[in-house]
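Peer 1: Pasting a structure below so you can have a look.
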Amino acid sequence: MAEVRNEDQGHSHAISVGNIDRSVAAIGAGARVIYTHIERALTEVEIAEQAEAYERRRLAEAVTAYVQRLQRQAEQAYPQARVGNPYRALLEYDISDAAHFYGRSAAIHRVLSGLERSPLSVVHADSGLGKTSLLKAGIEPRLLVEGHVPLYVRPYQTSVAEAIKRSLFTQFEQTPQLAAASLHDFLRRATDLLGGQRLVVILDQFEDVFTVQSAELRAQFGAELATCLDDDLLPVRWILALRSEWFGHLSAFQPQVRQPFANQYWLTAFSRDEALEVVLQTAQAGQLTFEPGLVEQLIDDLGPEQIALPQLQLVCYTLVEGLAPGATQLTSAMYQQSGRAAGILRDYLDRVLERYLSPADRVIGWHVLAAISDQRTGCATEPELLAHLSAYAVGKAPARRVLQLLQTNRLIRLSDERYRLASASLLPRIQQWAAARTALELARAETIRQVERIRDSALRGMLGGAVGFSLAFLLAFGPQTHDKSLLLYITAYRALPGALAGLLLTFWVDVARASYQGPRQWLCWLVGGLAGAGSFALAVLFHTLLRYETDPLTLLLAAAEGALWGVVAGLGSVWVMSDRHWPGRTLLKVIVVVVADGLVLWLADAGILGDAVRNPSSAMFVGLAGAVMPLCVLGASLLTPTRGRKAAS
């Protein structure tokens with residue numbers, strides 16, 4: 001016998017689970033049947049009877065152990081004062097919390113009334129409104145009070161029939177008949193042992209049947225459920241609990257299951273009165289008080305008419321955690337200092353991680369939370385999480401340590417060997433972190449891609465500049481060189497300033513295009529012009545020095561000529577490399593830039609800057625040289641894939 005006090009009616013009920021002992025008195029713990037070394041031959045019928053009796057005894061032992069386990073849990077449900085923080089934060093309520101589960105009297109009554117009307121009831125609600133707490137702390141203990149046996153099951157990937165059978169009995173390898181029995185036959189055998197009591201199967205998170213299990217398993221359970229429901233003599237009732245967005249999917253069980261929507265209860269958030277009951281009754285159980293007006297203000301901030309249980313619990317839990325040692329009253333000053341409800345809910349996850357996890361573990365913790373929330377089923381096994389974390393170079397030992405820390409600090413919970421978030425109310429902050437992390441990773445990947453593109457383009461520009469400046473020298477000075485044996489040797493020297501000019505021009509144009517877009521795009525033209533002027537001026541100046549001309553005026557005019565030539569090349573490079581119409585219009589632009597560069601250098605060398613570098617009679621060759629250099633640089637730069645150029649522009 002155990003006792004659960006019903007605070008709403010001011011009296012207690014004795015929990016009676018029926019006279020199970022009467023059904024199994026002749027069994028004895030650890031009973032065994034030995035089939036060998038028998039004194040007489042047994043007929044096949046006798047062997048079958050003994051096998052059936054053996055399996056019945058094993059099942060009776062398992063059912064008895066299950067009911068005794070429920071009794072022990074229920075015996076903890078006395079309405080005694082709680083030590084420590086009486087609020088649950090993000091933890092769900094269990095059967096042992098029944099005496100302190102407030103605010104759901106109407107919901108409990110509706111669900112229990114539905115069980116009397118029909119063998120199949122459906123409870124559905126939005127995520128995070130406390131379906132599991134209602135079932136475990138509200139429905140299960142009341143069923144025990146009324147003399148019934150609740151069987152709480154979460155099927156997940158296991159077929160529903162297998163999950164139900166294994167919730168009562170696990171030793172199927174020793175009981176082949178029970179292993180092969182249909183769900184209906186198994187439940188009939190189990191309920192025969194209950195001495196007339198009713199078995200209530202509670203299938204929580206039933207959306208797993210649609211999100212995880214195959215259509216074949218789903219159809220198989222639909223047929224088995226229909227068989228059980230059609231047997232009016234089978235003392236079994238069913239509660240299917242699932243998220244509201246999956247409620248309509250129950251139509252998949254029609255027509256085998258008649259009217260699956262007929263007996264349904266939609267669990268909503270707490271009303272204002274229910275929230276007041278939760279806050280005040282829980283505080284009383286913990287021997288705490290609220291400053292006058294604080295509870296009303298808190299509920300106004302959370303609702304004011306529809307308040308989610310996890311949020312209400314979390315706000316109150318955080319306030320109690322902030323109490324000084326020995327203090328028992330929660331004040332408005334504490335509430336304001338905590339940021340009120342919005343601030344508490346917004347910062348709770350960060351605050352817990354910062355308080356209890358090191359910086360390194362904190363990063364792992366965020367990855368764990370994001371991995372769990374990213375699963376379609378909202379849960380993940382330890383091997384799945386370890387595999388996920390290994391992609392971030394996290395070892396098994398630190399991963400397990402963080403899992404334990406998250407579980408200890410009530411951020412995740414472990415059930416059926418799967419980790420779940422303690423509450424759906426954590427999802428917004430986790431999704432915010434995941435979105436920021438994704439944006440950061442995308443930005444980092446884009447930066448790496450841009451750097452690689454700029455690097456490759458600059459190397460091509462360097463090659464193009466080396467070839468182009470060498471060819472330009474050959475065109476401008478090759479015909480005038482009398483010692484042809486030295487021409488190749490002399491030309492090789494010009495590859496160095498050309499390579500430097502091509503590298504600098506291409507690099508700065510690419511950097512400018514990656515950095516300045518939108519209203520600031522004009523800066524690309526400025527950087528391009530300056531980069532062209534500087535790089536080409538250095539190339540021409542270096543070329544002049546190689547000719548052993550060190551007169552300051554000559555060097556100055558050479559640099560000016562190169563700068564003018566480079567300005568056109570730089571602006572042309574920005575114009576060409578920003579083009580999105582490859583190859584047609586881009587090639588036309590290249591031709592325009594090349595011709596313009598050739599004309600500029602021809603005019604400069606022919607007399608605009610004086611006879612600083614060449615004799616005007618050779619200006620035509622200089623003009624060709626002025627066209628070849630930017631042609632090679634642009635041609636090499638445009639070897640960058642079209643898609644990369646479009647993305648960068």
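Just remember, in the structure tokens the first chain shown is A, the second B, etc., residues are 1-based per chain, and ligands are 1-based in the order shown.
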Leaving out Thr211 of chain A and any residue of its chain fewer than 6 positions from it, which residues lie within 12 Å of it when counting only C-alpha atoms, given as an mmCIF file with N, CA and C atoms, in the first residue's frame?
Peer 2:
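Below you can see around24.cif, which holds the result:
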```
data_model
loop_
_atom_site.group_PDB
_atom_site.id
_atom_site.type_symbol
_atom_site.label_atom_id
_atom_site.label_comp_id
_atom_site.auth_asym_id
_atom_site.auth_seq_id
_atom_site.Cartn_x
_atom_site.Cartn_y
_atom_site.Cartn_z
ATOM 1 N N PRO A 155 7.853 4.299 -27.597
ATOM 2 C CA PRO A 155 8.285 3.290 -28.578
ATOM 3 C C PRO A 155 9.567 3.649 -29.327
ATOM 4 N N TYR A 156 9.733 4.914 -29.748
ATOM 5 C CA TYR A 156 10.850 5.369 -30.557
ATOM 6 C C TYR A 156 11.005 4.449 -31.769
ATOM 7 N N GLN A 157 12.193 3.843 -31.989
ATOM 8 C CA GLN A 157 12.418 3.040 -33.190
ATOM 9 C C GLN A 157 11.884 1.618 -33.065
ATOM 10 N N GLN A 205 4.914 10.371 -26.678
ATOM 11 C CA GLN A 205 5.661 10.775 -27.867
ATOM 12 C C GLN A 205 5.335 9.849 -29.043
ATOM 13 N N LEU A 217 5.895 -0.955 -40.129
ATOM 14 C CA LEU A 217 5.693 -1.074 -38.679
ATOM 15 C C LEU A 217 4.442 -0.328 -38.240
ATOM 16 N N ARG A 218 4.191 0.808 -38.856
ATOM 17 C CA ARG A 218 3.015 1.607 -38.507
ATOM 18 C C ARG A 218 1.737 0.844 -38.840
ATOM 19 N N LEU A 242 0.777 12.754 -28.235
ATOM 20 C CA LEU A 242 1.640 13.217 -29.319
ATOM 21 C C LEU A 242 1.514 14.725 -29.496
ATOM 22 N N ARG A 243 2.455 15.305 -30.247
ATOM 23 C CA ARG A 243 2.396 16.735 -30.530
ATOM 24 C C ARG A 243 1.232 17.020 -31.462
ATOM 25 N N GLU A 245 0.804 18.855 -34.013
ATOM 26 C CA GLU A 245 0.986 18.881 -35.463
ATOM 27 C C GLU A 245 0.916 17.497 -36.091
ATOM 28 N N TRP A 246 1.006 16.444 -35.247
ATOM 29 C CA TRP A 246 0.917 15.073 -35.758
ATOM 30 C C TRP A 246 -0.434 14.434 -35.456
ATOM 31 N N HIS A 249 -2.321 12.811 -38.313
ATOM 32 C CA HIS A 249 -1.748 11.614 -38.916
ATOM 33 C C HIS A 249 -2.352 10.330 -38.361
ATOM 34 N N GLN A 375 17.997 16.918 -34.584
ATOM 35 C CA GLN A 375 17.440 15.622 -34.958
ATOM 36 C C GLN A 375 15.944 15.746 -35.224
ATOM 37 N N ARG A 376 15.486 15.049 -36.220
ATOM 38 C CA ARG A 376 14.059 15.089 -36.542
ATOM 39 C C ARG A 376 13.210 14.569 -35.392
ATOM 40 N N THR A 377 13.773 13.615 -34.660
ATOM 41 C CA THR A 377 13.034 13.018 -33.548
ATOM 42 C C THR A 377 13.213 13.790 -32.248
ATOM 43 N N GLY A 378 14.113 14.770 -32.225
ATOM 44 C CA GLY A 378 14.349 15.536 -31.005
ATOM 45 C C GLY A 378 15.137 14.791 -29.957
ATOM 46 N N CYS A 379 15.818 13.708 -30.337
ATOM 47 C CA CYS A 379 16.637 12.960 -29.392
ATOM 48 C C CYS A 379 17.785 12.309 -30.149
#
```
Peer 1: Excluding Ala537 of chain A and its own-chain neighbours fewer than 4 positions away, which residues fall within 6 Å of it when counting only C-alpha atoms? Please give them as a list of chain:residue names.
Peer 2: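 Everything that qualifies: A:Ala533, A:Leu541, A:Ala559, A:Gly562, A:Ala563.
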Peer 1: If you run DSSP on the backbone here, which positions in segment 342-584 of chain A get helix (DSSP H, G or I)? Please write them as a ChimeraX atom specification.
Peer 2: /A:342-356,359-374,382-390,396-408,424-480,484-515,518-546,552-577,584
Peer 1: Nearest to Ala472 of chain A among A:Ala342, A:Glu384, A:Pro630, A:Gly196, with distances taken over only C-alpha atoms: which residue is it?
Peer 2: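 Closest to Ala472 of chain A of all the choices is A:Pro630.
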Peer 1: Nearest to Phe290 of chain A among A:Gln311, A:Thr318, A:Thr331, A:Ser637, with distances taken over only C-alpha atoms: which residue is it?
Peer 2: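 Smallest separation from Phe290 of chain A among the options: A:Thr331.
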Peer 1: Would you please work out which residue, of A:Leu553, A:Leu267, A:Leu276, A:Leu599, is nearest to Thr132 of chain A when using only C-alpha atoms?
Peer 2: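 Nearest candidate to Thr132 of chain A out of A:Leu553, A:Leu267, A:Leu276, A:Leu599: A:Leu267.
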Peer 1: I need the residues of segment 51-206 of chain A that end up classed as strand (DSSP E or B) by DSSP on the backbone, written out as a list of chain:residue names.
Peer 2: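 The residues of segment 51-206 of chain A classed as strand (DSSP E or B) are A:Leu120, A:Ser121, A:Val122, A:Val123, A:His124, A:Ala125, A:Val149, A:Pro150, A:Leu151, A:Tyr152, A:Val153, A:Leu199, A:Val200, A:Val201, A:Ile202, A:Leu203.
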Peer 1: Write the selection just made, keeping all heavy atoms, as a compact mmCIF listing (two decimals), in the first residue's frame?
Peer 2:
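Output below, filename out_36.txt:
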```txt
# COMPACT_ATOMS: atom_id res chain seq x y z
N LEU A 120 -9.94 3.97 -26.22
CA LEU A 120 -8.84 4.71 -26.85
C LEU A 120 -9.00 6.20 -26.59
O LEU A 120 -10.03 6.79 -26.91
CB LEU A 120 -8.80 4.44 -28.36
CG LEU A 120 -7.75 5.24 -29.15
CD1 LEU A 120 -6.34 4.87 -28.70
CD2 LEU A 120 -7.91 5.02 -30.65
N SER A 121 -7.98 6.80 -26.00
CA SER A 121 -7.96 8.24 -25.77
C SER A 121 -6.71 8.82 -26.43
O SER A 121 -5.66 8.16 -26.48
CB SER A 121 -7.95 8.58 -24.27
OG SER A 121 -9.12 8.11 -23.65
N VAL A 122 -6.82 10.05 -26.90
CA VAL A 122 -5.68 10.74 -27.52
C VAL A 122 -5.47 12.05 -26.79
O VAL A 122 -6.41 12.84 -26.63
CB VAL A 122 -5.93 11.00 -29.02
CG1 VAL A 122 -4.74 11.76 -29.62
CG2 VAL A 122 -6.15 9.68 -29.76
N VAL A 123 -4.25 12.27 -26.31
CA VAL A 123 -3.88 13.54 -25.69
C VAL A 123 -2.86 14.21 -26.61
O VAL A 123 -1.82 13.61 -26.93
CB VAL A 123 -3.26 13.32 -24.29
CG1 VAL A 123 -2.80 14.65 -23.70
CG2 VAL A 123 -4.26 12.64 -23.37
N HIS A 124 -3.15 15.42 -27.04
CA HIS A 124 -2.21 16.11 -27.91
C HIS A 124 -2.02 17.54 -27.43
O HIS A 124 -2.91 18.14 -26.81
CB HIS A 124 -2.67 16.07 -29.37
CG HIS A 124 -3.99 16.74 -29.62
ND1 HIS A 124 -4.10 18.00 -30.17
CD2 HIS A 124 -5.26 16.32 -29.40
CE1 HIS A 124 -5.38 18.33 -30.27
NE2 HIS A 124 -6.11 17.32 -29.81
N ALA A 125 -0.85 18.09 -27.71
CA ALA A 125 -0.51 19.44 -27.26
C ALA A 125 0.68 19.93 -28.06
O ALA A 125 1.40 19.13 -28.69
CB ALA A 125 -0.19 19.46 -25.77
N VAL A 149 -3.59 -0.37 -13.41
CA VAL A 149 -2.13 -0.48 -13.57
C VAL A 149 -1.72 0.30 -14.83
O VAL A 149 -2.04 -0.12 -15.95
CB VAL A 149 -1.69 -1.95 -13.69
CG1 VAL A 149 -0.18 -2.03 -13.93
CG2 VAL A 149 -2.07 -2.72 -12.44
N PRO A 150 -1.03 1.42 -14.68
CA PRO A 150 -0.55 2.16 -15.85
C PRO A 150 0.74 1.54 -16.40
O PRO A 150 1.61 1.09 -15.64
CB PRO A 150 -0.30 3.56 -15.30
CG PRO A 150 0.03 3.35 -13.87
CD PRO A 150 -0.75 2.14 -13.42
N LEU A 151 0.86 1.53 -17.70
CA LEU A 151 2.07 1.03 -18.36
C LEU A 151 2.57 2.13 -19.30
O LEU A 151 2.02 2.34 -20.38
CB LEU A 151 1.76 -0.26 -19.14
CG LEU A 151 2.96 -0.91 -19.84
CD1 LEU A 151 3.97 -1.41 -18.81
CD2 LEU A 151 2.51 -2.05 -20.75
N TYR A 152 3.60 2.83 -18.86
CA TYR A 152 4.12 3.97 -19.62
C TYR A 152 5.17 3.47 -20.62
O TYR A 152 6.14 2.80 -20.25
CB TYR A 152 4.73 4.99 -18.67
CG TYR A 152 5.29 6.22 -19.35
CD1 TYR A 152 4.48 7.30 -19.65
CD2 TYR A 152 6.63 6.29 -19.70
CE1 TYR A 152 4.99 8.43 -20.27
CE2 TYR A 152 7.15 7.40 -20.32
CZ TYR A 152 6.33 8.47 -20.61
OH TYR A 152 6.84 9.57 -21.23
N VAL A 153 5.00 3.83 -21.91
CA VAL A 153 5.86 3.31 -22.97
C VAL A 153 6.21 4.45 -23.93
O VAL A 153 5.35 5.26 -24.30
CB VAL A 153 5.17 2.18 -23.77
CG1 VAL A 153 6.09 1.65 -24.85
CG2 VAL A 153 4.72 1.06 -22.83
N LEU A 199 -5.49 -2.65 -17.20
CA LEU A 199 -4.17 -2.18 -17.64
C LEU A 199 -4.37 -0.99 -18.58
O LEU A 199 -5.14 -1.07 -19.54
CB LEU A 199 -3.42 -3.30 -18.37
CG LEU A 199 -2.03 -2.96 -18.90
CD1 LEU A 199 -1.06 -2.75 -17.75
CD2 LEU A 199 -1.51 -4.06 -19.83
N VAL A 200 -3.71 0.13 -18.28
CA VAL A 200 -3.81 1.33 -19.12
C VAL A 200 -2.46 1.55 -19.79
O VAL A 200 -1.46 1.89 -19.12
CB VAL A 200 -4.21 2.57 -18.31
CG1 VAL A 200 -4.32 3.79 -19.22
CG2 VAL A 200 -5.54 2.31 -17.59
N VAL A 201 -2.39 1.34 -21.09
CA VAL A 201 -1.14 1.51 -21.85
C VAL A 201 -1.04 2.97 -22.29
O VAL A 201 -1.90 3.48 -23.01
CB VAL A 201 -1.12 0.58 -23.08
CG1 VAL A 201 0.18 0.79 -23.86
CG2 VAL A 201 -1.27 -0.87 -22.65
N ILE A 202 0.01 3.65 -21.84
CA ILE A 202 0.23 5.06 -22.17
C ILE A 202 1.39 5.14 -23.15
O ILE A 202 2.55 4.87 -22.80
CB ILE A 202 0.54 5.87 -20.89
CG1 ILE A 202 -0.59 5.74 -19.89
CG2 ILE A 202 0.79 7.33 -21.23
CD1 ILE A 202 -0.27 6.36 -18.53
N LEU A 203 1.09 5.48 -24.38
CA LEU A 203 2.12 5.60 -25.42
C LEU A 203 2.48 7.07 -25.59
O LEU A 203 1.77 7.82 -26.27
CB LEU A 203 1.62 4.99 -26.73
CG LEU A 203 1.32 3.49 -26.70
CD1 LEU A 203 0.72 3.04 -28.02
CD2 LEU A 203 2.57 2.69 -26.39
```
Peer 1: Got a sec: who's within 7 Å of Ala434 of chain A, counting only C-alpha atoms, leaving out chain neighbours fewer than 4 positions off, as a ChimeraX atom specification?
Peer 2: /A:370,430,438
Peer 1: Store the residues picked out above in a file with C-alpha atoms, as an mmCIF file, in the first residue's frame.
Peer 2:
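Below you can see again.cif, which holds the result:
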```cif
data_model
loop_
_atom_site.group_PDB
_atom_site.id
_atom_site.type_symbol
_atom_site.label_atom_id
_atom_site.label_comp_id
_atom_site.auth_asym_id
_atom_site.auth_seq_id
_atom_site.Cartn_x
_atom_site.Cartn_y
_atom_site.Cartn_z
ATOM 1 C CA ALA A 370 22.418 21.792 -31.318
ATOM 2 C CA ILE A 430 19.865 26.869 -29.292
ATOM 3 C CA THR A 438 26.298 28.408 -39.285
#
```
Peer 1: Considering only C-alpha atoms, return as a list in words whatever protein or nucleic-acid residues lie within 9 Å of Ala399 of chain A, sequence-local ones (same chain, fewer than 2 positions apart) excluded.
Peer 2: Asp361, Ile364, Gly365, Val368, Leu385, Leu386, Leu389, Ser390, Val394, Gly395, Lys396, Ala397, Arg401, Val402, Leu403 and Gln404 of chain A
Peer 1: Using the selection just defined, write its residues with N, CA and C atoms as a PDB file, in the first residue's frame.
Peer 2:
```pdb
ATOM      1  N   ASP A 361      34.605  23.245 -22.588  1.00  0.00           N
ATOM      2  CA  ASP A 361      33.423  22.388 -22.476  1.00  0.00           C
ATOM      3  C   ASP A 361      32.167  23.105 -22.944  1.00  0.00           C
ATOM      4  N   ILE A 364      31.682  22.539 -26.593  1.00  0.00           N
ATOM      5  CA  ILE A 364      31.192  21.168 -26.807  1.00  0.00           C
ATOM      6  C   ILE A 364      29.722  21.078 -26.424  1.00  0.00           C
ATOM      7  N   GLY A 365      29.365  21.730 -25.305  1.00  0.00           N
ATOM      8  CA  GLY A 365      27.975  21.704 -24.857  1.00  0.00           C
ATOM      9  C   GLY A 365      27.024  22.293 -25.887  1.00  0.00           C
ATOM     10  N   VAL A 368      26.514  19.794 -28.580  1.00  0.00           N
ATOM     11  CA  VAL A 368      25.622  18.705 -28.148  1.00  0.00           C
ATOM     12  C   VAL A 368      24.167  19.155 -28.217  1.00  0.00           C
ATOM     13  N   LEU A 385      25.843  11.107 -30.842  1.00  0.00           N
ATOM     14  CA  LEU A 385      26.446  12.372 -30.406  1.00  0.00           C
ATOM     15  C   LEU A 385      27.963  12.303 -30.466  1.00  0.00           C
ATOM     16  N   LEU A 386      28.528  11.171 -30.074  1.00  0.00           N
ATOM     17  CA  LEU A 386      29.981  11.024 -30.140  1.00  0.00           C
ATOM     18  C   LEU A 386      30.469  11.119 -31.577  1.00  0.00           C
ATOM     19  N   LEU A 389      30.308  14.801 -32.605  1.00  0.00           N
ATOM     20  CA  LEU A 389      31.364  15.617 -31.996  1.00  0.00           C
ATOM     21  C   LEU A 389      32.736  15.274 -32.549  1.00  0.00           C
ATOM     22  N   SER A 390      32.916  14.040 -33.008  1.00  0.00           N
ATOM     23  CA  SER A 390      34.217  13.670 -33.567  1.00  0.00           C
ATOM     24  C   SER A 390      34.547  14.499 -34.806  1.00  0.00           C
ATOM     25  N   VAL A 394      36.491  16.382 -31.171  1.00  0.00           N
ATOM     26  CA  VAL A 394      36.201  16.215 -29.749  1.00  0.00           C
ATOM     27  C   VAL A 394      36.312  14.730 -29.407  1.00  0.00           C
ATOM     28  N   GLY A 395      37.152  14.406 -28.452  1.00  0.00           N
ATOM     29  CA  GLY A 395      37.336  13.015 -28.055  1.00  0.00           C
ATOM     30  C   GLY A 395      36.164  12.479 -27.256  1.00  0.00           C
ATOM     31  N   LYS A 396      36.159  11.166 -27.055  1.00  0.00           N
ATOM     32  CA  LYS A 396      35.046  10.536 -26.347  1.00  0.00           C
ATOM     33  C   LYS A 396      35.005  10.930 -24.874  1.00  0.00           C
ATOM     34  N   ALA A 397      36.172  11.035 -24.248  1.00  0.00           N
ATOM     35  CA  ALA A 397      36.205  11.353 -22.814  1.00  0.00           C
ATOM     36  C   ALA A 397      35.625  12.741 -22.532  1.00  0.00           C
ATOM     37  N   ARG A 401      32.029  13.638 -20.624  1.00  0.00           N
ATOM     38  CA  ARG A 401      32.033  14.537 -19.464  1.00  0.00           C
ATOM     39  C   ARG A 401      31.020  15.665 -19.645  1.00  0.00           C
ATOM     40  N   VAL A 402      30.964  16.226 -20.836  1.00  0.00           N
ATOM     41  CA  VAL A 402      30.018  17.320 -21.094  1.00  0.00           C
ATOM     42  C   VAL A 402      28.583  16.812 -21.070  1.00  0.00           C
ATOM     43  N   LEU A 403      28.348  15.626 -21.588  1.00  0.00           N
ATOM     44  CA  LEU A 403      27.005  15.047 -21.525  1.00  0.00           C
ATOM     45  C   LEU A 403      26.547  14.912 -20.076  1.00  0.00           C
ATOM     46  N   GLN A 404      27.447  14.480 -19.221  1.00  0.00           N
ATOM     47  CA  GLN A 404      27.107  14.341 -17.812  1.00  0.00           C
ATOM     48  C   GLN A 404      26.834  15.697 -17.182  1.00  0.00           C
TER      49      GLN A 404
END
```
Peer 1: Separation of atom CA of Val209 of chain A and atom CA of Leu250 of chain A, in Å?
Peer 2: 10.0 Å
Peer 1: Of the candidates A:Leu471, A:Met577, A:Cys316, A:Leu564, which one gets nearest to Thr282 of chain A if we count only C-alpha atoms?
Peer 2: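 When distances to Thr282 of chain A are compared using only C-alpha atoms, the smallest one comes from A:Cys316.
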Peer 1: If you count only C-alpha atoms, which residues fall within 7 Å of segment 320-328 of chain A, apart from same-chain ones fewer than 3 positions away, as JSON, numbers by chain?
Peer 2: {"A": [85, 288, 289, 316, 317]}
Peer 1: Selected residues, all heavy atoms, written as an mmCIF file, in the first residue's frame, please.
Peer 2:
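So again.cif came out as:
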```cif
data_model
loop_
_atom_site.group_PDB
_atom_site.id
_atom_site.type_symbol
_atom_site.label_atom_id
_atom_site.label_comp_id
_atom_site.auth_asym_id
_atom_site.auth_seq_id
_atom_site.Cartn_x
_atom_site.Cartn_y
_atom_site.Cartn_z
ATOM 1 N N ASN A 85 15.496 23.599 -3.818
ATOM 2 C CA ASN A 85 14.625 24.339 -4.730
ATOM 3 C C ASN A 85 13.404 23.487 -5.075
ATOM 4 O O ASN A 85 13.540 22.408 -5.657
ATOM 5 C CB ASN A 85 15.398 24.697 -6.002
ATOM 6 C CG ASN A 85 14.731 25.803 -6.788
ATOM 7 O OD1 ASN A 85 13.514 25.880 -6.858
ATOM 8 N ND2 ASN A 85 15.534 26.654 -7.389
ATOM 9 N N LEU A 288 8.559 28.663 1.061
ATOM 10 C CA LEU A 288 8.989 29.943 0.519
ATOM 11 C C LEU A 288 7.791 30.866 0.400
ATOM 12 O O LEU A 288 6.634 30.411 0.334
ATOM 13 C CB LEU A 288 9.624 29.758 -0.870
ATOM 14 C CG LEU A 288 10.867 28.870 -0.947
ATOM 15 C CD1 LEU A 288 11.245 28.621 -2.402
ATOM 16 C CD2 LEU A 288 12.029 29.499 -0.191
ATOM 17 N N THR A 289 8.042 32.168 0.328
ATOM 18 C CA THR A 289 6.979 33.157 0.139
ATOM 19 C C THR A 289 7.394 34.149 -0.944
ATOM 20 O O THR A 289 8.587 34.318 -1.233
ATOM 21 C CB THR A 289 6.694 33.923 1.440
ATOM 22 O OG1 THR A 289 7.887 34.604 1.864
ATOM 23 C CG2 THR A 289 6.214 32.983 2.534
ATOM 24 N N CYS A 316 10.666 30.751 -11.884
ATOM 25 C CA CYS A 316 10.623 30.588 -10.426
ATOM 26 C C CYS A 316 11.874 29.880 -9.913
ATOM 27 O O CYS A 316 12.424 30.248 -8.860
ATOM 28 C CB CYS A 316 9.370 29.807 -10.023
ATOM 29 S SG CYS A 316 7.822 30.673 -10.372
ATOM 30 N N TYR A 317 12.334 28.890 -10.636
ATOM 31 C CA TYR A 317 13.538 28.167 -10.227
ATOM 32 C C TYR A 317 14.739 29.113 -10.169
ATOM 33 O O TYR A 317 15.534 29.075 -9.219
ATOM 34 C CB TYR A 317 13.814 27.028 -11.216
ATOM 35 C CG TYR A 317 15.075 26.245 -10.942
ATOM 36 C CD1 TYR A 317 15.074 25.161 -10.074
ATOM 37 C CD2 TYR A 317 16.277 26.596 -11.557
ATOM 38 C CE1 TYR A 317 16.232 24.443 -9.814
ATOM 39 C CE2 TYR A 317 17.448 25.892 -11.304
ATOM 40 C CZ TYR A 317 17.413 24.812 -10.434
ATOM 41 O OH TYR A 317 18.570 24.117 -10.181
#
```
Peer 1: Point out the residue among A:Gly498, A:Pro260, A:Pro310, A:Gly222 with the least atom-to-atom distance to Leu421 of chain A, counting only C-alpha atoms.
Peer 2: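 Among the listed residues, the smallest separation from Leu421 of chain A belongs to A:Pro310.
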Peer 1: Just how far from atom CA of Leu353 of chain A is atom CA of Leu405 of chain A, in Å to one decimal?
Peer 2: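 Separation between atom CA of Leu405 of chain A and atom CA of Leu353 of chain A: 9.2 Å.
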Peer 1: With only C-alpha atoms as the counted atoms, please give the residues lying no more than 10 Å from segment 516-528 of chain A, apart from itself and same-chain residues fewer than 4 positions off, as a list in words.
Peer 2: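 Residues meeting the cut-off are Leu505, Thr506, Phe507, Trp508, Val509, Asp510, Val511, Ala512, Gly532, Ala533, Gly534, Gly566, Val567, Val568, Ala569, Gly570, Leu571, Gly572, Ser573, Val574, Trp575, Ser578 and Ser649 of chain A.
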